Protein chains: 2
Amino acid sequence: MPDPSAVLPVYLDCDTGIDDAMAIAYLLASDHAELLGIGTVSGNTSAARAARNTLDLLDLAGRNEIPVAVGEHDFLARPFHGGATHVHGDNGIGGVVLPESPRHPIAESAPELLVRLAHEKPGELRVIAIGPLTNLAAALRLDPDIAELVADVTIMGGAATVPGNVTPVAEANIHNDPDAAAAVLEAAWPVTLVPLDTTMESLLDGNDRDRLLASDRPVARAIGEMLDTYFDFYVRVFGRRVSVLHDPLAAAVALGDLRLESAPTVHVEIDTTDGPSRGQTVSDLRGRFRGHPVTERARTRIVLSVAEPFAPRLMAALLTV
Amino acid sequence: MPDPSAVLPVYLDCDTGIDDAMAIAYLLASDHAELLGIGTVSGNTSAARAARNTLDLLDLAGRNEIPVAVGEHDFLARPFHGGATHVHGDNGIGGVVLPESPRHPIAESAPELLVRLAHEKPGELRVIAIGPLTNLAAALRLDPDIAELVADVTIMGGAATVPGNVTPVAEANIHNDPDAAAAVLEAAWPVTLVPLDTTMESLLDGNDRDRLLASDRPVARAIGEMLDTYFDFYVRVFGRRVSVLHDPLAAAVALGDLRLESAPTVHVEIDTTDGPSRGQTVSDLRGRFRGHPVTERARTRIVLSVAEPFAPRLMAALLTV
């Protein structure tokens with residue numbers, strides 16, 4: 001876990017996205033994270049749209065010094081499919097129209113930005129990836145040395161002991177680009193996965209949303225508005241209007257903000273077949289019956305549960321951005 | 001659930017096997033199951049060796065009227081691999097040498113026996129399959145009508161929310177012949193899966209084994225002896241000398257002997273790829289967060305937990321055969 005008193009340099013890779021917006025706000029609110037740059041990738045919406053959403057959100061927070069780079073539009077082996085509009089709305093942020101930032105993405109691509117930051121902060125840079133892993137895989141291709149330069153990589157993705165969210169066994173970020181995920185897990189950097197096992201357990205509800213809408217902070221209000229669309233979708237999943245906290249929870253884990261209950265280091269293999277398990281994070285948890293994981297080939301830390309509620313911490317952050 | 005007062009005609013398909021031996025003994029002890037025939041298949045040991053073990057066990061129980069048929073030696077798409085000798089010993093029953101029955105397997109093959117029994121008991125025959133599903137798939141090829149004639153099929157196999165036992169996500173019976181499993185799940189008969197989710201929760205321990213060894217019943221003593229080998233293997237899994245009850249638990253579910261706690265009917269697809277998820281029972285449990293399963297294409301009942309302990313019931317049966 002990172003030293004809680006240090007300010008951690010962070011590269012965020014995202015597909016903004018309603019829960020991505022919450023993760024960005026969470027990182028902006030943190031006093032021990034310095035967001036050096038944000039790259040966008042297609043997933044919830046297109047990489048270009050995600051960059052626009054990110055720029056607009058940063059400006060709304062008065063943080064227009066943070067560079068935003070557009071990354072890969074298509075996945076490694078398949079074209080972008082158009083996004084999860086049924087979850088995140090047509091524009092990725094629930095149809096909410098933010099004041100348009102005058103800024104534009106930087107000339108560098110997201111993979112180029114990641115490679116540069118890794119070299120500028122050798123041994124220090126924290127990578128937080130909350131979309132498909134296409135940019136990270138592309139950056140590894142550009143410069144394999146970054147696997148040694150980056151301090152660690154924290155990924156929102158996968159499902160180990162709970163059902164997937166796009167197939168019975170696959171989670172959307174990994175399923176969108178399993179080939180990229182496989183490359184990222186095979187690289188030498190330390191990887192922490194924050195899968196659905198953990199993220200489906202942390203929820204915001206209508207009362208939380210009301211508090212966001214009543215805030216005098218523009219980012220909090222905007223997220224409150226976005227949650228209307230997200231709540232609509234999650235009625236199908238939970239039978240009631242709530243929001244999961246996939247992406248901000250991964251950000252909090254990356255910053256060491258949460259005590260972890262179960263986070264074994266195990267062997268994780270990505271299913272890159274075209275079969276029914278495509279995109280699954282095949283996690284070797286066979287040691288569970290004797291109380292400790294199989295350590296053979298174990299390299300990936302997988303956060304199966306956290307030891308404290310995350311929603312109150314997230315709300316506090318969202319209300320102060 | 002079958003009428004508890006009726007005597008159910010049963011065809012058992014097995015790869016005897018230590019826990020298969022327990023399942024056979026459990027069925028012999030039941031006053032509401034009539035074991036019309038047993039077919040053997042390769043898995044824990046070869047189909048031929050499994051038939052020898054089964055004949056010897058039946059004679060030890062004084063039940064030499066029950067016909068035993070040898071079934072498929074090789075799996076549908078791959079040759080038999082030699083068996084799980086590290087689990088079940090070289091002869092499949094923990095190296096225990098039973099008095100050799102003078103009987104031989106019948107001339108019919110196991111698939112032929114199953115087809116004949118299905119026609120002799122239209123709408124009544126219960127099929128219990130506790131090995132790889134090669135014989136059932138072969139029987140469906142011989143006569144697809146059996147899918148309409150058989151009352152139901154109960155299978156020990158698969159893993160839904162718990163790790164597999166031969167790969168991180170696959171259970172041995174299904175992994176041995178995923179193509180056969182796919183054919184069996186696609187057929188029109190009602191299928192109940194009894195996966196590791198349930199069977200890993202029911203254990204016998206050293207005290208149980210001592211009671212079996214102290215019995216004056218030859219079958220109980222023989223199973224007590226076999227358990228020495230099984231206990232040795234399960235130290236690797238549980239860290240202590242215990243036995244899981246995979247196969248007898250499936251037999252008990254088939255007979256309606258156990259109250260079920262969670263047994264949703266869901267869509268189950270078998271992974272037949274050559275990827276890391278080969279042999280997985282991909283089960284659509286995505287409805288769990290709203291308390292009921294996804295019913296789209298749902299045809300397979302999957303027993304995720306039982307509502308009462310099984311070990312005492314099994315012990316009572318084993319001590320009376």
# chains A, B, ... in the order shown; residues from 1 in each chain; ligands from 1
>>> residues_around(residues="Asn207 (chain B)", least_positions_apart="2", cutoff="12 Å", atoms="only C-alpha atoms", output="JSON, numbers by chain")
{"B": [203, 204, 205, 209, 210, 211, 212, 213, 214, 224, 227, 241, 242, 243, 311, 312, 315]}
>>> closest_atom_pairs(of="chain B", to="chain A", cutoff="9 Å", atoms="only C-alpha atoms", output="CSV")
residue,atom,partner,partner_atom,distance
B:Ala160,CA,A:Thr161,CA,8.2
B:Thr161,CA,A:Thr161,CA,5.1
B:Val162,CA,A:Thr161,CA,6.4
B:Pro163,CA,A:Arg286,CA,5.4
B:Gly164,CA,A:Arg286,CA,6.9
B:Asn165,CA,A:Arg286,CA,7.1
B:Thr167,CA,A:Asp284,CA,7.8
B:Pro168,CA,A:Asp284,CA,4.6
B:Val169,CA,A:Val282,CA,6.9
B:Met200,CA,A:Phe289,CA,8.6
B:Val235,CA,A:Arg290,CA,8.7
B:Arg236,CA,A:Arg290,CA,8.0
B:Val237,CA,A:Arg290,CA,6.0
B:Phe238,CA,A:Arg290,CA,4.3
B:Gly239,CA,A:Arg290,CA,5.3
B:Arg240,CA,A:Arg290,CA,8.4
B:Glu269,CA,A:Pro276,CA,7.3
B:Ile270,CA,A:Pro276,CA,7.8
B:Asp271,CA,A:Pro276,CA,6.1
B:Thr272,CA,A:Gly275,CA,7.5
B:Thr273,CA,A:Gly275,CA,6.1
B:Asp274,CA,A:Thr273,CA,8.1
B:Gly275,CA,A:Thr273,CA,6.1
B:Pro276,CA,A:Asp271,CA,6.1
B:Ser277,CA,A:Ser277,CA,6.4
B:Arg278,CA,A:Ser277,CA,8.7
B:Gln280,CA,A:Ser277,CA,8.3
B:Val282,CA,A:Pro168,CA,6.7
B:Ser283,CA,A:Pro168,CA,6.2
B:Asp284,CA,A:Pro168,CA,4.6
B:Leu285,CA,A:Pro163,CA,5.9
B:Arg286,CA,A:Pro163,CA,5.4
B:Gly287,CA,A:Val237,CA,6.8
B:Arg288,CA,A:Pro163,CA,8.3
B:Phe289,CA,A:Phe238,CA,5.2
B:Arg290,CA,A:Phe238,CA,4.3
B:Gly291,CA,A:Phe238,CA,8.0
>>> residues_around(residues="region 106-123 of chain A", least_positions_apart="2", cutoff="8 Å", atoms="only C-alpha atoms", output="PyMOL selection string")
chain A and resi 9+11+13+36-40+67-72+104+125+135-136+138-139+142-143+146+148-151
>>> select_by_dssp(residues="region 68-207 of chain A", states="alpha helix (DSSP H)", output="PyMOL selection string")
chain A and resi 85-88+110-120+134-142+146-149+172-176+178-186+196-199+206-207
>>> residues_around(residues="Gly95 (chain B)", least_positions_apart="4", cutoff="9 Å", atoms="only C-alpha atoms", output="PyMOL selection string")
chain B and resi 88-91+225-226+229
>>> write_last_selection(atoms="N, CA and C atoms", output="PDB file, in the first residue's frame")
ATOM      1  N   HIS B  88      -7.974 -41.181  -6.749  1.00  0.00           N
ATOM      2  CA  HIS B  88      -8.749 -42.404  -6.490  1.00  0.00           C
ATOM      3  C   HIS B  88      -7.876 -43.662  -6.444  1.00  0.00           C
ATOM      4  N   GLY B  89      -6.563 -43.509  -6.553  1.00  0.00           N
ATOM      5  CA  GLY B  89      -5.684 -44.681  -6.527  1.00  0.00           C
ATOM      6  C   GLY B  89      -5.616 -45.363  -7.890  1.00  0.00           C
ATOM      7  N   ASP B  90      -4.674 -46.296  -8.011  1.00  0.00           N
ATOM      8  CA  ASP B  90      -4.427 -46.930  -9.305  1.00  0.00           C
ATOM      9  C   ASP B  90      -5.632 -47.716  -9.820  1.00  0.00           C
ATOM     10  N   ASN B  91      -6.390 -48.331  -8.917  1.00  0.00           N
ATOM     11  CA  ASN B  91      -7.529 -49.152  -9.368  1.00  0.00           C
ATOM     12  C   ASN B  91      -8.865 -48.414  -9.257  1.00  0.00           C
ATOM     13  N   GLU B 225     -12.104 -48.251   4.085  1.00  0.00           N
ATOM     14  CA  GLU B 225     -10.723 -48.466   3.620  1.00  0.00           C
ATOM     15  C   GLU B 225     -10.385 -47.553   2.445  1.00  0.00           C
ATOM     16  N   MET B 226     -11.309 -47.454   1.482  1.00  0.00           N
ATOM     17  CA  MET B 226     -11.053 -46.589   0.316  1.00  0.00           C
ATOM     18  C   MET B 226     -10.779 -45.142   0.746  1.00  0.00           C
ATOM     19  N   THR B 229      -7.197 -43.298   0.993  1.00  0.00           N
ATOM     20  CA  THR B 229      -6.600 -42.664  -0.181  1.00  0.00           C
ATOM     21  C   THR B 229      -7.245 -41.309  -0.476  1.00  0.00           C
TER      22      THR B 229
END
>>> closest_residue(among="B:Gly17, B:Gly43, B:Gly131, B:Gly206", to="Pro79 (chain B)", atoms="only C-alpha atoms")
B:Gly43
>>> atom_distance(atom1="CA of Met156 (chain A)", atom2="CA of Asp56 (chain A)")
22.9 Å
>>> select_by_dssp(residues="region 178-307 of chain A", states="strand (DSSP E)", output="number ranges by chain")
A: 191-194, 203-204, 243-244, 260-262, 265-266, 268-270, 281-283, 300-302, 305-306
>>> closest_residue(among="B:Ala172, B:Ala137, B:Leu28, B:Leu35", to="Gly83 (chain B)", atoms="only C-alpha atoms")
B:Ala172
>>> residues_around(residues="Val219 (chain B)", least_positions_apart="4", cutoff="7 Å", atoms="only C-alpha atoms", output="number ranges by chain")
B: 60-61, 223, 321
>>> write_last_selection(atoms="C-alpha atoms", output="short mmCIF file (atom, residue, chain, number, x, y, z; two decimals), in the first residue's frame")
data_model
loop_
_atom_site.label_atom_id
_atom_site.label_comp_id
_atom_site.auth_asym_id
_atom_site.auth_seq_id
_atom_site.Cartn_x
_atom_site.Cartn_y
_atom_site.Cartn_z
CA LEU B 60 -20.15 -57.38 -1.69
CA ALA B 61 -23.58 -55.89 -1.04
CA ILE B 223 -15.62 -47.73 1.76
CA VAL B 321 -26.08 -51.52 3.02
#
>>> residues_around(residues="Asn173 (chain B)", least_positions_apart="4", cutoff="9 Å", atoms="only C-alpha atoms", output="list in words")
Gly43, Asn44, Ile130, Gly131, Pro132, Leu133, Met156, Gly157, Gly158, Asp177, Pro178, Ala181 and Gly279 of chain B
>>> residues_around(residues="Ala77 (chain B)", least_positions_apart="2", cutoff="10 Å", atoms="only C-alpha atoms", output="list in words")
Asp74, Phe75, Pro79, Phe80, Thr134, Asn176, Asp177, Pro178, Asp179 and Ala180 of chain B
>>> atom_distance(atom1="CA of Ala23 (chain B)", atom2="CA of Ala317 (chain B)")
10.0 Å
>>> atom_distance(atom1="CA of Val127 (chain A)", atom2="CA of Pro144 (chain A)")
15.0 Å
